[in-house]
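Below is one structure, written out as structure tokens; the observations come after it.
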There are 4 protein chains.
Amino acid sequence: MGMKVAIIGAKGRMGQAMAAGVTATDDLELVAQLDVGDDITAETLNGAEVAIEFTKPYASLANVLAIIDAGVNPVVGTTGWTDEALAQVEEELATKPELGAVIAPNYALSAVLAMTFAQKAARYFDSAEVIELHHPNKVDAPSGTALTTAKHIAEARREAGLGAMPDATETDPDGARGANIDGVHVHAVRLKGLTAHEEIVFGNAGEQLTIRTDSFDRESFWPGVLLAVREVKNHPGLTFGLDKLMDL
Amino acid sequence: MGMKVAIIGAKGRMGQAMAAGVTATDDLELVAQLDVGDDITAETLNGAEVAIEFTKPYASLANVLAIIDAGVNPVVGTTGWTDEALAQVEEELATKPELGAVIAPNYALSAVLAMTFAQKAARYFDSAEVIELHHPNKVDAPSGTALTTAKHIAEARREAGLGAMPDATETDPDGARGANIDGVHVHAVRLKGLTAHEEIVFGNAGEQLTIRTDSFDRESFWPGVLLAVREVKNHPGLTFGLDKLMDL
Amino acid sequence: MGMKVAIIGAKGRMGQAMAAGVTATDDLELVAQLDVGDDITAETLNGAEVAIEFTKPYASLANVLAIIDAGVNPVVGTTGWTDEALAQVEEELATKPELGAVIAPNYALSAVLAMTFAQKAARYFDSAEVIELHHPNKVDAPSGTALTTAKHIAEARREAGLGAMPDATETDPDGARGANIDGVHVHAVRLKGLTAHEEIVFGNAGEQLTIRTDSFDRESFWPGVLLAVREVKNHPGLTFGLDKLMDL
Amino acid sequence: MGMKVAIIGAKGRMGQAMAAGVTATDDLELVAQLDVGDDITAETLNGAEVAIEFTKPYASLANVLAIIDAGVNPVVGTTGWTDEALAQVEEELATKPELGAVIAPNYALSAVLAMTFAQKAARYFDSAEVIELHHPNKVDAPSGTALTTAKHIAEARREAGLGAMPDATETDPDGARGANIDGVHVHAVRLKGLTAHEEIVFGNAGEQLTIRTDSFDRESFWPGVLLAVREVKNHPGLTFGLDKLMDL
């Protein structure tokens with residue numbers, strides 16, 4: 001008898017991928033698949049201990065509050081969370097102190113690890129830049145992940161008392177040096193055939209450290225969601241970010 | 001007035017590189033340069049607070065004991081330390097509880113970070129392999145660093161309860177799968193033009209994490225040695241491995 | 001009205017991918033989809049000018065002879081062709097001098113280009129090694145492509161009068177140096193999440209050239225097949241290898 | 001008795017590296033080393049068959065004309081050649097039809113091959129971008145090599161009738177997409193520890209081709225210069241670009 005799991009957003013592409021993951025995992029049991037129009041109650045969740053929620057930003061907060069209200073631990077992959085929405089989740093959780101909720105902007109383990117490692121490495125190098133590479137259908141540049149990575153690197157450098165990176169560039173008429181995010185240069189490549197990739201490069205005199213994450217398809221979210229499903233009950237209250245559940 | 005530093009092994013290539021590093025650093029002062037034939041005493045160390053020792057395995061233990069005996073904190077880059085030799089250093093340090101000693105097999109920050117990150121990442125992936133690339137004058141394969149990295153990965157997997165990695169290989173007549181170190185495959189490339197490089201690749205369904213370190217020349221040791229020089233006095237007793245001084 | 005195209009092996013995964021490619025291309029028209037049990041005749045090929053054949057080694061020769069016999073130009077992706085089988089195709093083509101046939105072991109343009117470029121570069125470097133990386137379900141190591149690449153590099157070096165590559169390795173107890181194919185070292189990595197990848201590295205004093213090809217899925221065959229479909233009629237007789245149709 | 005070689009610009013860093021290369025090559029003999037203030041005549045060139053010239057843009061034309069006038073074959077690495085200056089060299093060579101002159105913007109074989117291969121590959125891919133990485137003391141971005149590479153890719157695409165690359169970018173407030181050179185995006189990374197590196201990435205549905213060149217130090221120019229020294233006498237008249245002497 002495995003742990004009982006519900007899927008919210010079961011008709012979406014992520015929901016279907018998550019259902020496939022639950023089904024393929026020996027010690028998990030898929031007990032409910034809900035989507036738009038379905039009520040989220042203790043009854044419809046059908047005995048689930050954990051509910052995996054991948055829906056849309058406008059729906060996610062209400063879903064998560066309903067899941068908590070039903071006494072179930074949510075694991076949430078929907079993006080777009082504001083500080084206000086997170087505060088409402090924490091308030092709701094305060095009424096059920098035995099429950100945990102995990103909300104994370106990214107469940108791909110390699111992406112989570114890359115960002116964490118980049119943050120740790122940042123203070124030890126003179127130079128650091130971020131190159132993100134995505135499929136050409138992406139409408140924004142740079143990616144949200146690259147932006148966050150750059151900000152974390154900048155913050156770690158500031159905390160360590162590092163000054164500006166060395167850069168003698170005098171002429172760059174066409175903007176080849178890319179985006180300057182808080183002093184960290186970020187470059188966005190768009191290439192047919194690619195999915196979602198990020199490379200963070202660090203340099204000192206005589207040495208380079210490279211951390212790269214490649215996400216080839218949405219299957220890559222499953223191991224991270226599985227980790228959250230297994231851990232959420234051991235972490236009462238709100239956990240924001242998968243790295244908080246990892247031993248890094 | 002900066003911190004006073006002595007170099008032991010001052011005529012060697014590493015010793016010269018270290019002397020250049022000390023001289024180029026504003027808050028350090030080079031007060032002694034000793035080599036074979038020179039006595040190591042409080043007098044010859046000339047007021048140094050820290051002594052950087054890069055010599056030969058057969059000489060290093062005696063040098064380090066003499067440095068401690070003279071009341072100076074050693075930072076040691078000579079390789080080949082046995083458990084017995086380390087134990088003697090600890091014994092000597094016990095007589096001078098205010099002193100610290102740092103002994104590390106590798107002072108290149110990117111190499112130290114790569115190994116630490118690889119160890120942390122290992123438990124989160126189905127697959128992991130190590131590729132090391134060096135100049136073709138290297139006589140042993142794989143490199144000691146790659147061997148250690150593979151063993152750390154294997155150990156982290158065991159501790160996390162992971163089984164063998166997936167590998168359907170049935171025919172490999174020429175040994176293309178490389179060395180199997182504790183279940184972790186290690187590949188050694190030898191290429192004119194290269195110095196010392198290591199790439200660790202991790203894979204899950206749909207995603208890959210790559211950690212790579214490139215050492216282009218021995219200059220790359222200086223930032224790590226500098227970190228040890230600055231920290232050694234704050235860490236009484238023996239510290240083995242630069243990662244122990246880093247916030248990782 | 002576009003060029004009429006038939007698919008042989010239409011129920012296989014490659015056949016389906018090819019049918020999708022034809023359908024998505026404005027100036028091509030899909031007129032026949034045949035599989036095991038269907039006769040291959042002028043009638044069943046239904047006016048096709050070109051027949052794309054992706055089946056099994058034991059069936060491909062008979063299919064190709066039937067396609068030629070029906071007066072249609074074959075583009076063949078089935079692997080496993082022997083010199084004898086190729087000779088039979090040439091013989092059959094001699095009876096229809098207006099027809100062309102393209103048979104190629106690989107239609108991924110990046111793989112074809114990587115091999116061609118590697119062959120051209122080989123004579124200009126002291127060192128060259130091949131690293132291939134595949135999913136862990138692959139049963140043979142190294143990959144056929146890596147084997148062929150290594151042999152081509154070895155041949156180009158011989159023709160240019162180059163001797164053995166520099167390699168001072170004395171101890172390699174676990175075989176980390178990988179397979180030695182005609183003097184070229186080949187390394188096979190197996191990693192969950194990967195598909196089919198090959199990296200060829202070349203080195204001289206002070207410089208490195210890297211050529212890498214990544215195949216993420218079988219979609220990657222379509223641009224090469226399309227090129228062959230468009231060119232096959234302009235190349236009477238047998239063309240073996242896609243590179244022969246390219247301007248390299 | 002080997003081929004006699006002179007060095008012009010013998011006191012410069014490149015001149016010294018070239019002299020070291022000549023001395024280390026069995027079938028070459030170093031017979032003259034000239035620099036600023038030395039006359040370049042048949043007498044001072046001392047019987048040389050080939051003169052290697054690495055000086056400054058303002059001096060190079062006069063040097064090369066004097067070398068030709070003295071009946072010696074020049075191999076020139078100084079950059080900054082204008083069409084007018086090249087035309088003067090051709091005029092001078094017309095008076096000595098038995099002589100050849102090689103002038104090349106880059107003698108690193110890996111860089112020359114990377115650019116040539118990129119040009120050949122360009123027409124076969126939907127997407128192509130260029131990433132160049134250099135030490136942070138470089139004052140201009142992007143590098144001249146990256147600029148030339150991008151222009152060659154753009155030209156090859158135009159000749160093959162390819163349209164614009166796919167790119168759905170709508171918002172890029174900080175310029176992360178880098179320089180748009182003739183429709184080809186170019187990204188410039190500046191990192192402590194690096195020397196001169198260029199990566200050209202090509203993409204189609206399901207596949208990627210990467211060509212990368214790493215120049216670790218000026219030693220890397222020697223194999224290309226050696227090739228030119230050996231071939232210059234077999235190529236009467238002006239040869240611009242090392243690729244013209246290579247079998248590509």
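Chain labels run A, B, ... following the order of the structure tokens; each chain numbers its residues from 1, and ligands are numbered from 1 in the order shown.
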Residues of chain C within 10 Å of chain B: nearest atom pair and distance (Å, one decimal) for each, counting only C-alpha atoms, sorted by chain and number, as CSV?
```
residue,atom,partner,partner_atom,distance
C:Phe125,CA,B:Lys192,CA,8.6
C:Asp126,CA,B:Lys192,CA,6.5
C:Ser127,CA,B:Leu191,CA,5.4
C:Ala128,CA,B:Leu191,CA,6.9
C:Glu129,CA,B:Val189,CA,7.1
C:Val130,CA,B:Val189,CA,8.9
C:Ile131,CA,B:Val189,CA,8.9
C:Glu132,CA,B:Ala176,CA,9.4
C:His135,CA,B:Asp167,CA,8.5
C:Pro136,CA,B:Asp167,CA,4.7
C:Asn137,CA,B:Ala168,CA,5.0
C:Lys138,CA,B:Ala168,CA,5.9
C:Val139,CA,B:Thr169,CA,4.1
C:Asp140,CA,B:Thr171,CA,4.9
C:Ala141,CA,B:Asp172,CA,4.8
C:Pro142,CA,B:Ala176,CA,5.7
C:Ser143,CA,B:Ala176,CA,9.4
C:Met165,CA,B:Pro136,CA,8.7
C:Pro166,CA,B:Pro136,CA,5.8
C:Asp167,CA,B:Pro136,CA,4.7
C:Ala168,CA,B:Asn137,CA,5.0
C:Thr169,CA,B:Val139,CA,4.1
C:Glu170,CA,B:Val139,CA,5.0
C:Thr171,CA,B:Asp140,CA,4.9
C:Asp172,CA,B:Ala141,CA,4.8
C:Pro173,CA,B:Ala141,CA,7.8
C:Asp174,CA,B:Ala179,CA,4.7
C:Gly175,CA,B:Ala179,CA,4.9
C:Ala176,CA,B:Ala179,CA,4.3
C:Arg177,CA,B:Ala188,CA,4.9
C:Gly178,CA,B:Ala176,CA,4.3
C:Ala179,CA,B:Ala176,CA,4.3
C:Asn180,CA,B:Asp174,CA,6.8
C:Ile181,CA,B:Asp174,CA,7.8
C:His185,CA,B:Val189,CA,7.9
C:Val186,CA,B:Ala176,CA,5.9
C:His187,CA,B:Ala176,CA,4.8
C:Ala188,CA,B:Arg177,CA,4.9
C:Val189,CA,B:Arg177,CA,6.5
C:Arg190,CA,B:Asp167,CA,6.7
C:Leu191,CA,B:Ser127,CA,5.4
C:Lys192,CA,B:Gly203,CA,4.8
C:Gly193,CA,B:Ala205,CA,4.2
C:Leu194,CA,B:Gly206,CA,7.4
C:Thr195,CA,B:Gly206,CA,9.6
C:Val201,CA,B:Leu191,CA,8.1
C:Phe202,CA,B:Leu191,CA,7.2
C:Gly203,CA,B:Lys192,CA,4.8
C:Asn204,CA,B:Lys192,CA,5.1
C:Ala205,CA,B:Gly193,CA,4.3
C:Gly206,CA,B:Gly193,CA,4.6
C:Glu207,CA,B:Gly193,CA,5.4
C:Gln208,CA,B:Gly193,CA,6.5
```
Exercise. Can you pull out every residue within 7 Å of C:Thr78, counting only C-alpha atoms, but drop anything in the same chain fewer than 3 positions away, and send it as a list in words?
Key: Glu53, Phe54, Thr55, Lys56, Pro57 and Ser60 of chain C
Dump of N, CA, C and O atoms for the selected residues, as a short mmCIF file (atom, residue, chain, number, x, y, z; two decimals), in the first residue's frame:
```cif
data_model
loop_
_atom_site.label_atom_id
_atom_site.label_comp_id
_atom_site.auth_asym_id
_atom_site.auth_seq_id
_atom_site.Cartn_x
_atom_site.Cartn_y
_atom_site.Cartn_z
N GLU C 53 12.51 4.90 -47.66
CA GLU C 53 12.49 3.54 -47.12
C GLU C 53 13.23 3.47 -45.80
O GLU C 53 14.46 3.63 -45.77
N PHE C 54 12.51 3.29 -44.70
CA PHE C 54 13.11 3.04 -43.39
C PHE C 54 12.47 1.76 -42.86
O PHE C 54 11.35 1.80 -42.33
N THR C 55 13.13 0.60 -43.06
CA THR C 55 12.54 -0.66 -42.58
C THR C 55 13.59 -1.43 -41.75
O THR C 55 14.16 -0.85 -40.83
N LYS C 56 13.80 -2.70 -42.09
CA LYS C 56 14.74 -3.52 -41.33
C LYS C 56 15.82 -4.04 -42.27
O LYS C 56 15.56 -4.27 -43.46
N PRO C 57 17.03 -4.29 -41.77
CA PRO C 57 18.11 -4.77 -42.63
C PRO C 57 17.72 -5.96 -43.50
O PRO C 57 18.08 -6.03 -44.68
N SER C 60 15.32 -4.59 -46.45
CA SER C 60 15.57 -3.37 -47.19
C SER C 60 16.03 -3.62 -48.62
O SER C 60 15.57 -2.95 -49.55
#
```
Quiz prompt | Å distance separating atom CA of A:Pro105 from atom CA of A:Gly80, one decimal place | solution = 8.1 Å
Quiz item: Using the chain letters and numbers from this document, which residues of stretch 7-220 of chain A does DSSP assign to strand (DSSP E), as a ChimeraX atom specification?
Solution: /A:7-8,28-34,50-53,73-76,100-103,127-134,179-181,184-190,196-204,207-215
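Neighbours of D:Glu219 closer than or equal to 10 Å, with only C-alpha atoms counted and sequence neighbours fewer than 2 positions away skipped, come out as Gly193 of chain B; Asn204, Ala205, Gly206 and Glu207 of chain C; Met14, Ala17, Met18, Ala20, Gly21, Ala108, Ser215, Phe216, Asp217, Phe221, Trp222 and Pro223 of chain D.
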Quiz item: What is the atom CA of D:Ala118-atom CA of C:Pro236 distance in Å, reported with one decimal?
Solution: 29.5 Å
Practice problem: Using only C-alpha atoms, find the one residue out of D:Leu109, D:Ala42, D:Leu238, D:Val50 that sits nearest to D:Leu93. | Solution: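 Checking each candidate against D:Leu93, we get D:Leu238 as the closest.
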Practice problem: Check the DSSP output for the backbone and give back, as a PyMOL selection string, the residues of stretch 71-170 of chain A in alpha helix (DSSP H). | Solution: chain A and resi 83-94+109-121+144-159
Residues within 9 Å of A:Leu86, only C-alpha atoms, excluding chain neighbours under 3 positions, as a PDB file with C-alpha atoms, in the first residue's frame:
```pdb
ATOM      1  CA  LEU A  61      -4.005  30.055  -5.056  1.00  0.00           C
ATOM      2  CA  TRP A  81       3.332  33.295  -7.045  1.00  0.00           C
ATOM      3  CA  THR A  82       3.308  36.743  -5.415  1.00  0.00           C
ATOM      4  CA  ASP A  83       4.364  37.493  -1.844  1.00  0.00           C
ATOM      5  CA  VAL A  89      -1.051  30.056   1.996  1.00  0.00           C
ATOM      6  CA  GLU A  90       0.959  30.471   5.194  1.00  0.00           C
ATOM      7  CA  GLU A  91      -2.115  31.844   6.990  1.00  0.00           C
ATOM      8  CA  ILE A 103       5.706  25.567  -3.728  1.00  0.00           C
ATOM      9  CA  LEU A 238       5.300  26.515   3.804  1.00  0.00           C
ATOM     10  CA  PHE A 240       9.278  27.746  -0.978  1.00  0.00           C
TER      11      PHE A 240
END
```
Neighbours of stretch 22-28 of chain B within 8 Å (only C-alpha atoms; same-chain residues fewer than 6 positions away dropped), as a PDB file with all heavy atoms, in the first residue's frame?
```
ATOM      1  N   MET B   1      51.017  47.863   6.953  1.00  0.00           N
ATOM      2  CA  MET B   1      51.737  46.655   7.377  1.00  0.00           C
ATOM      3  C   MET B   1      50.861  45.416   7.217  1.00  0.00           C
ATOM      4  O   MET B   1      49.891  45.238   7.939  1.00  0.00           O
ATOM      5  CB  MET B   1      52.138  46.804   8.856  1.00  0.00           C
ATOM      6  CG  MET B   1      53.309  47.749   9.072  1.00  0.00           C
ATOM      7  SD  MET B   1      54.722  47.258   8.055  1.00  0.00           S
ATOM      8  CE  MET B   1      54.945  45.577   8.620  1.00  0.00           C
ATOM      9  N   GLY B   2      51.238  44.557   6.303  1.00  0.00           N
ATOM     10  CA  GLY B   2      50.413  43.382   6.035  1.00  0.00           C
ATOM     11  C   GLY B   2      50.830  42.182   6.870  1.00  0.00           C
ATOM     12  O   GLY B   2      51.718  42.260   7.732  1.00  0.00           O
ATOM     13  N   MET B   3      50.193  41.056   6.610  1.00  0.00           N
ATOM     14  CA  MET B   3      50.548  39.802   7.263  1.00  0.00           C
ATOM     15  C   MET B   3      51.874  39.316   6.672  1.00  0.00           C
ATOM     16  O   MET B   3      52.071  39.326   5.462  1.00  0.00           O
ATOM     17  CB  MET B   3      49.439  38.774   7.001  1.00  0.00           C
ATOM     18  CG  MET B   3      49.629  37.494   7.796  1.00  0.00           C
ATOM     19  SD  MET B   3      48.503  36.188   7.206  1.00  0.00           S
ATOM     20  CE  MET B   3      46.919  36.879   7.594  1.00  0.00           C
ATOM     21  N   LYS B   4      52.785  38.869   7.543  1.00  0.00           N
ATOM     22  CA  LYS B   4      54.102  38.412   7.079  1.00  0.00           C
ATOM     23  C   LYS B   4      54.055  36.937   6.672  1.00  0.00           C
ATOM     24  O   LYS B   4      53.539  36.108   7.424  1.00  0.00           O
ATOM     25  CB  LYS B   4      55.133  38.643   8.183  1.00  0.00           C
ATOM     26  CG  LYS B   4      55.338  40.138   8.443  1.00  0.00           C
ATOM     27  CD  LYS B   4      56.348  40.409   9.542  1.00  0.00           C
ATOM     28  CE  LYS B   4      56.522  41.934   9.662  1.00  0.00           C
ATOM     29  NZ  LYS B   4      57.449  42.317  10.737  1.00  0.00           N
ATOM     30  N   VAL B   5      54.597  36.656   5.500  1.00  0.00           N
ATOM     31  CA  VAL B   5      54.498  35.311   4.929  1.00  0.00           C
ATOM     32  C   VAL B   5      55.875  34.813   4.495  1.00  0.00           C
ATOM     33  O   VAL B   5      56.658  35.571   3.912  1.00  0.00           O
ATOM     34  CB  VAL B   5      53.556  35.316   3.702  1.00  0.00           C
ATOM     35  CG1 VAL B   5      53.474  33.939   3.058  1.00  0.00           C
ATOM     36  CG2 VAL B   5      52.165  35.804   4.105  1.00  0.00           C
TER      37      VAL B   5
END
```
Exercise. Skip A:Leu162 itself and residues of its chain fewer than 3 positions away, then list as a PyMOL selection string all residues within 10 Å of it, counting only C-alpha atoms.
Key: chain A and resi 122-126+154-159+165
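Note that the spacing between atom CA of A:Met246 and atom CA of A:Leu99 amounts to 19.0 Å.
The closest residue to A:Ala228, picked from A:Gly144, A:Gly183, A:Pro74, A:Gly161 and counting only C-alpha atoms, is A:Pro74.
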Exercise. With a distance cut-off of 8 Å and only C-alpha atoms, select the neighbouring residues of D:Leu248, excluding the residue or stretch itself and same-chain residues fewer than 3 positions from it, and output the selection as a list in words.
Key: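 What passes the distance filter is Lys120 and Ala121 of chain C; Thr116 and Asp243 of chain D.
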